[in-house]
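Quick notes on the structure that follows.
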Amino acid sequence: MANKNKPRPSAPKSKGPTFQRLTLDLQQYWSRRGCVLQQPYDVEVGAGTMHPETFFRVLGPNPYRVAYIQPSRRPADGRYGENPNRLYKHTQLQVILKPPPADVQEIYLDSLRSIGIDLRQHDIRFEEDNWESPTLGAWGVGWQVLLDGLEITQFTYFQQSGGMDLDPVSCELTYGIERIAAFLQNVDNVFHLRWSDDLTYGDVRLAEEEQLSTYSFELADAVRTREMFDLCEREAKAILTSRQKSSDSGAKRTKPILAAYDFCLKCSHLFNILDARGAISVTERAALIGRVRSLSCQVAAEYCVINGWRDAEAGKAQRAQAS
Amino acid sequence: MKKNLKSDATGDFLFEVGCEEIPARLIPKACSELQQILEKYLSASAILAEPLRAFGAPRRLTVMSDAVRLRQSDQEKEILGPPKSIAFDNVGAPTRAAVSFSEKQGIPLAKLKVVTTPRGEFLAAKQTIVGRSAKEILGEILPQALRELPFPRSMYWTGRGGVRFIRPVRWIVALLDGAVVPVEFGGASGTDRSHGHRFLARGPVRISGTKDYTSRLRKAFVLADPAERQRKIEQELRGIAAKRKWRVHEDAGLLELVTNLNEYPTVISGDFAAEFLELPAEILITVMRDHQKYFAVENSHGEIEPHFLAVINLDKDSAGLVRAGHERVLRARLADARFFWEADQKSKLGSYGEKLAHITFESRLGTYGDKTARIRDLARWIAGNWFDSGLRGADVAAADRAAELAKCDLATEMVREFTELQGIVGGLYARAQREEEEIACAIYDHYKPAGTEDSIPRNMTGCAVSIADKLDSLVACFAVGILPTGSSDPFALRRAASGIVQIILELKTPLSLSAAISAAAKALVAHKPKITLAPESESAVLDFILERAKYLLREKQGFAYDEVNAAMAASADDLVDARSRIVALQAIRRTRNFEPLAIAFKRIHKILGKAGKDGVGAKTAAPELFKEVAERNLYHAAEAARARVAEHKRAGQYREALEAIADLRPAVDRFFDEVLVMAEDEAVRKNRLGLLAMLRKEFSTIADFSLMVPDEG
């Protein structure tokens, strides 16, 4: 390295961990930090925040720590697998720390160290980025975490979810796994990532990207999708307004709001498909978002009532406000 | 009565709030506001000896003073008791009232004194109020100041009942004269330990006071003073650029931002592939600046070079890893931009017009398609108006075409991705698609001026479209009751109104504001949403624009507020004309006759106001009813001046016209010296009032002199 005229190294030479190794390492890190390791949710979601393990767990007073991988669908971001940076479905690692410890930033940064990023050799910064999910009635303040100018994590102090003020607040960390993997593997095209020792990201996922993009941009039938939206909304409402009979043994069943939430999530995904299809005018867009939010806020309010964190009257007021 | 008893010892004061990363854009304001709040409290407690200084960096807000009084002065206060007549009986012995006052004050009777006040003699006690220690006071003030510090979107982190701040507070340094001030805020307590750079520092940084604060932090890779950070960035930008024979693309806003994004800023350079230089400079610069916060660099001809300068929060990038990372990110961003550029170019700009019907401007005001139809009408009207008043360069057809295309880029991929490039992208596409240069420039510029410091569109067509767009927003928003309130102005109506004023004043082309507003109102009826603007809303729009005009003339052009008010009270519909009258007024106000004349007009204004409409009658006088020489003189002087003023006014010679009016001063003075306006005889009185009313009417068309405020001294 004595020769000054030698070109500067343009990239780290290490090959970096495989995509699957990375997800395992991060989960292992967070399990050591006391997180419940959960599985991805089995209903289509646009972000890890929509997983019930975030949506419900952040409500109420009980402390909780959870981490899970969540494949997240953003139909409008699909590019048939032709764009090296954009995906219909990308992979998030979601962590909820409730309440957040005072050294939460340090703990997060340690997770980066644990996957082999030398923070003294890289430009890490926390840049303001306040997060909001209108469909979930949720917002928080925080940052996007940049690694040498690359956004790798959304770091949010949740202030409200399902239209409810949170107490305590939760810290939500959302890692963009593809981006971190591309950084560690020094790869410019997401489809060239090594998923495992033998297969690339493209080998594993390209067909899905291509077909789901084709469907949501070209084939999705706006009328039928709208009908499905209406159906799911009606089902969710039916659950929310149902009255639970006592079972034969006399025990009263809890209102199955978790099922109502699943239908709320389906509405959200169907909305995203309509949006990608270009089938929504701007005014209608706001109205549809409002309908999904109304469902999610009612579910959240009901959840709090069921758990005794909120009396039924307040719950009704909330529902009236939401609808 | 208060009196200081002791001289004061002082000590240095340092207060650092250690915070998780504060949004960069909020840091300068938060610093100055924290300083002001503390200044207020420290002054109110009478312990501030030397002024406060405030610093801010991403992880800290700091306020310090070299001297704060360690203790408030003791104060002696005289407390009045009962009057002497009640406190003592006939023989001078203290009464029950005197005894109970003495007991209440805790001061023996012998030490009470009788004092004489304007209200008589009273028994009085002298009490000493012992000053509190600054430490104790600061312990209360500091958390209170943090609670009061306003932020646009604050958060809580210790639970709903806890404090709110912009981000969680993690440590506090609070030192007075080297000792820790006990304070507590949001789970953090006052100590003498600060923290250095997140990654480069080792362990906490012990601070002893204001003297070693910045130096100790500097050793821990934090430059606490923003001025020092900015200097370092500027030096390094210039240093690298000079070495590589580049010119830095100057950007003051970006410089301030990166100054507040980094605690230890260091500049590095990076490259991108020359093939991306096919993209227009505007797009390259926006990708680098807005998304990556890089400075673009140019060659000596002002052309963008395929390199960038990034400010990183590290002391160095010896292995080049940071550089490689930033280059990779930029590569992806530029590839995206190129993809959008190419995809958008597959269609003609005009073809995006159809898609505007799907982009809402405001739910009650329709889509951008509707707005485009309205802007076209209005732009044609404005250009036609200018053309009719003989302005070369006003082209109705060009204004129409530019207005038709102006909003099309809102439907392009490029603007959907880089919203800040709206207008610019449309202009670039229009040029690439061989639209006339006049029209391409007009589209490119039609959002200008973007602020009071920004320039106006470079050609008449751009000016016409810009005014049309802004005026339509104003009229439409006012029509449905969207008015700016306080800090909330979602459609930037203040900026729109200022923009209209700036264009008119800078072009110096007359345009009747009220007629333009009517034209805009007409377009709002002719096209969707087909709303009729109420007459009172029409005048509200006019007033709103005139308010901005007054503001600009005062604050940006430096005219005195009374000059602006006086000239605009006479008439303001034509701002170019109003401005010439202000200029004339400014020139003449220093002359001998003017100020006394203005005072006389104020007097006339008062007299007429008092007399009321009925008392005054006709705004004229009958010479046969004059009784005094002075009133006849004034009448003739006014008649003579009237002709001269009218002539000068017609020629636009406002200064000469004002001089002719000012020449009336001796006649006016004499009138007031010798004539009693409110004469007994009603006919004579009415005639005199009529003469004054005539003066006011005739000579207030350039400026309402009664609004002029005489100079002090």
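Residues in the structure tokens are numbered from 1 in each chain, the chains being A, B, ... in the order shown, and ligands are numbered from 1 in the order shown.
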
Using only C-alpha atoms, which protein or nucleic acid residues come within 6 Å of region 692-704 of chain B? Drop anything in the same chain fewer than 3 positions from it, and give the result as a PDB file with N, CA and C atoms, in the first residue's frame.
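In the end it all went to result_22.pdb:
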ATOM      1  N   ALA B 566     -49.261  56.094   3.462  1.00  0.00           N
ATOM      2  CA  ALA B 566     -49.859  57.326   2.943  1.00  0.00           C
ATOM      3  C   ALA B 566     -50.098  57.204   1.439  1.00  0.00           C
ATOM      4  N   ALA B 567     -49.084  56.705   0.713  1.00  0.00           N
ATOM      5  CA  ALA B 567     -49.234  56.626  -0.734  1.00  0.00           C
ATOM      6  C   ALA B 567     -50.266  55.574  -1.110  1.00  0.00           C
ATOM      7  N   ALA B 570     -53.947  56.522  -0.773  1.00  0.00           N
ATOM      8  CA  ALA B 570     -54.486  57.332  -1.869  1.00  0.00           C
ATOM      9  C   ALA B 570     -55.030  56.421  -2.957  1.00  0.00           C
ATOM     10  N   LYS B 619     -67.901  69.355  -0.775  1.00  0.00           N
ATOM     11  CA  LYS B 619     -66.451  69.431  -0.685  1.00  0.00           C
ATOM     12  C   LYS B 619     -65.948  70.576  -1.563  1.00  0.00           C
ATOM     13  N   THR B 620     -66.535  71.725  -1.329  1.00  0.00           N
ATOM     14  CA  THR B 620     -66.151  72.889  -2.112  1.00  0.00           C
ATOM     15  C   THR B 620     -66.506  74.135  -1.299  1.00  0.00           C
ATOM     16  N   LEU B 689     -65.435  74.621   6.306  1.00  0.00           N
ATOM     17  CA  LEU B 689     -65.247  73.163   6.317  1.00  0.00           C
ATOM     18  C   LEU B 689     -65.196  72.634   4.886  1.00  0.00           C
ATOM     19  N   LEU B 707     -51.567  60.576   7.063  1.00  0.00           N
ATOM     20  CA  LEU B 707     -50.985  59.337   7.603  1.00  0.00           C
ATOM     21  C   LEU B 707     -49.477  59.438   7.816  1.00  0.00           C
TER      22      LEU B 707
END

(request) Compile the contact shell of Phe271 (chain A) as a ChimeraX atom specification: residues with an atom at most 12 Å away, counting only C-alpha atoms, same-chain residues fewer than 2 positions apart removed. (result) /A:44-46,73-76,135,216,220,222,224-230,232-233,264-269,273-281,284-293

(request) Would you kindly return, as number ranges by chain, each protein, DNA or RNA residue with an atom no farther than 12 Å from any atom of Val204 (chain A), considering only C-alpha atoms and excluding same-chain residues fewer than 5 positions away? (result) A: 19-20, 81, 190-196, 198-199, 209

Output file for the selection above: N, CA and C atoms, as a PDB file, in the first residue's frame:
ATOM      1  N   PHE A  19     -27.791 -13.397   2.408  1.00  0.00           N
ATOM      2  CA  PHE A  19     -29.050 -12.775   2.806  1.00  0.00           C
ATOM      3  C   PHE A  19     -29.661 -13.529   3.990  1.00  0.00           C
ATOM      4  N   GLN A  20     -29.658 -14.846   3.908  1.00  0.00           N
ATOM      5  CA  GLN A  20     -30.304 -15.604   4.987  1.00  0.00           C
ATOM      6  C   GLN A  20     -29.485 -15.577   6.269  1.00  0.00           C
ATOM      7  N   GLY A  81     -39.124  -6.932 -11.613  1.00  0.00           N
ATOM      8  CA  GLY A  81     -37.779  -7.471 -11.409  1.00  0.00           C
ATOM      9  C   GLY A  81     -36.757  -6.875 -12.345  1.00  0.00           C
ATOM     10  N   VAL A 190     -30.023  -5.826  -6.574  1.00  0.00           N
ATOM     11  CA  VAL A 190     -30.589  -6.653  -5.510  1.00  0.00           C
ATOM     12  C   VAL A 190     -30.722  -8.113  -5.942  1.00  0.00           C
ATOM     13  N   PHE A 191     -30.968  -8.326  -7.223  1.00  0.00           N
ATOM     14  CA  PHE A 191     -31.163  -9.703  -7.686  1.00  0.00           C
ATOM     15  C   PHE A 191     -29.858 -10.496  -7.738  1.00  0.00           C
ATOM     16  N   HIS A 192     -28.730  -9.774  -7.604  1.00  0.00           N
ATOM     17  CA  HIS A 192     -27.434 -10.461  -7.591  1.00  0.00           C
ATOM     18  C   HIS A 192     -26.983 -10.818  -6.178  1.00  0.00           C
ATOM     19  N   LEU A 193     -27.745 -10.427  -5.188  1.00  0.00           N
ATOM     20  CA  LEU A 193     -27.385 -10.779  -3.813  1.00  0.00           C
ATOM     21  C   LEU A 193     -27.278 -12.282  -3.672  1.00  0.00           C
ATOM     22  N   ARG A 194     -26.332 -12.695  -2.840  1.00  0.00           N
ATOM     23  CA  ARG A 194     -26.310 -14.122  -2.508  1.00  0.00           C
ATOM     24  C   ARG A 194     -27.330 -14.367  -1.406  1.00  0.00           C
ATOM     25  N   TRP A 195     -28.330 -15.163  -1.730  1.00  0.00           N
ATOM     26  CA  TRP A 195     -29.358 -15.476  -0.714  1.00  0.00           C
ATOM     27  C   TRP A 195     -28.801 -16.540   0.241  1.00  0.00           C
ATOM     28  N   SER A 196     -28.304 -17.617  -0.374  1.00  0.00           N
ATOM     29  CA  SER A 196     -27.631 -18.670   0.399  1.00  0.00           C
ATOM     30  C   SER A 196     -26.284 -18.881  -0.265  1.00  0.00           C
ATOM     31  N   ASP A 198     -25.532 -21.012  -2.306  1.00  0.00           N
ATOM     32  CA  ASP A 198     -25.677 -21.496  -3.681  1.00  0.00           C
ATOM     33  C   ASP A 198     -26.567 -20.651  -4.566  1.00  0.00           C
ATOM     34  N   LEU A 199     -27.519 -19.958  -3.946  1.00  0.00           N
ATOM     35  CA  LEU A 199     -28.531 -19.283  -4.766  1.00  0.00           C
ATOM     36  C   LEU A 199     -28.509 -17.779  -4.580  1.00  0.00           C
ATOM     37  N   GLU A 209     -41.469 -11.460  -8.303  1.00  0.00           N
ATOM     38  CA  GLU A 209     -41.493 -10.032  -8.632  1.00  0.00           C
ATOM     39  C   GLU A 209     -42.172  -9.796  -9.981  1.00  0.00           C
TER      40      GLU A 209
END

Per residue of chain B within 6 Å of chain A, which atom pair is closest and at what distance in Å (one decimal), using only C-alpha atoms, listed by chain and increasing number, as CSV?
residue,atom,partner,partner_atom,distance
B:Pro23,CA,A:Glu128,CA,5.0
B:Gly159,CA,A:Pro168,CA,4.7
B:Arg160,CA,A:Asp167,CA,5.5
B:Phe199,CA,A:Arg120,CA,5.8
B:Ile312,CA,A:Asp123,CA,6.0
B:Asn313,CA,A:Asp123,CA,6.0
B:Val322,CA,A:His122,CA,5.4
B:Ala324,CA,A:Ser10,CA,5.1
B:Gly325,CA,A:Asp148,CA,5.2
B:His326,CA,A:Asp148,CA,5.3
B:His358,CA,A:Ser281,CA,5.6
B:Thr360,CA,A:Val282,CA,5.8

(request) Find the residues near region 209-219 of chain B: any atom within 10 Å, counting only C-alpha atoms, skip ones fewer than 4 places away on the same chain, and give them as a VMD selection string. (result) chain B and resid 11 to 16 62 to 67 173 to 180 192 194 to 197 200 to 201 204 to 205 223 to 225 263 to 264

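Separating CA of Arg548 (chain B) from CA of Pro535 (chain B) is a distance of 20.3 Å.
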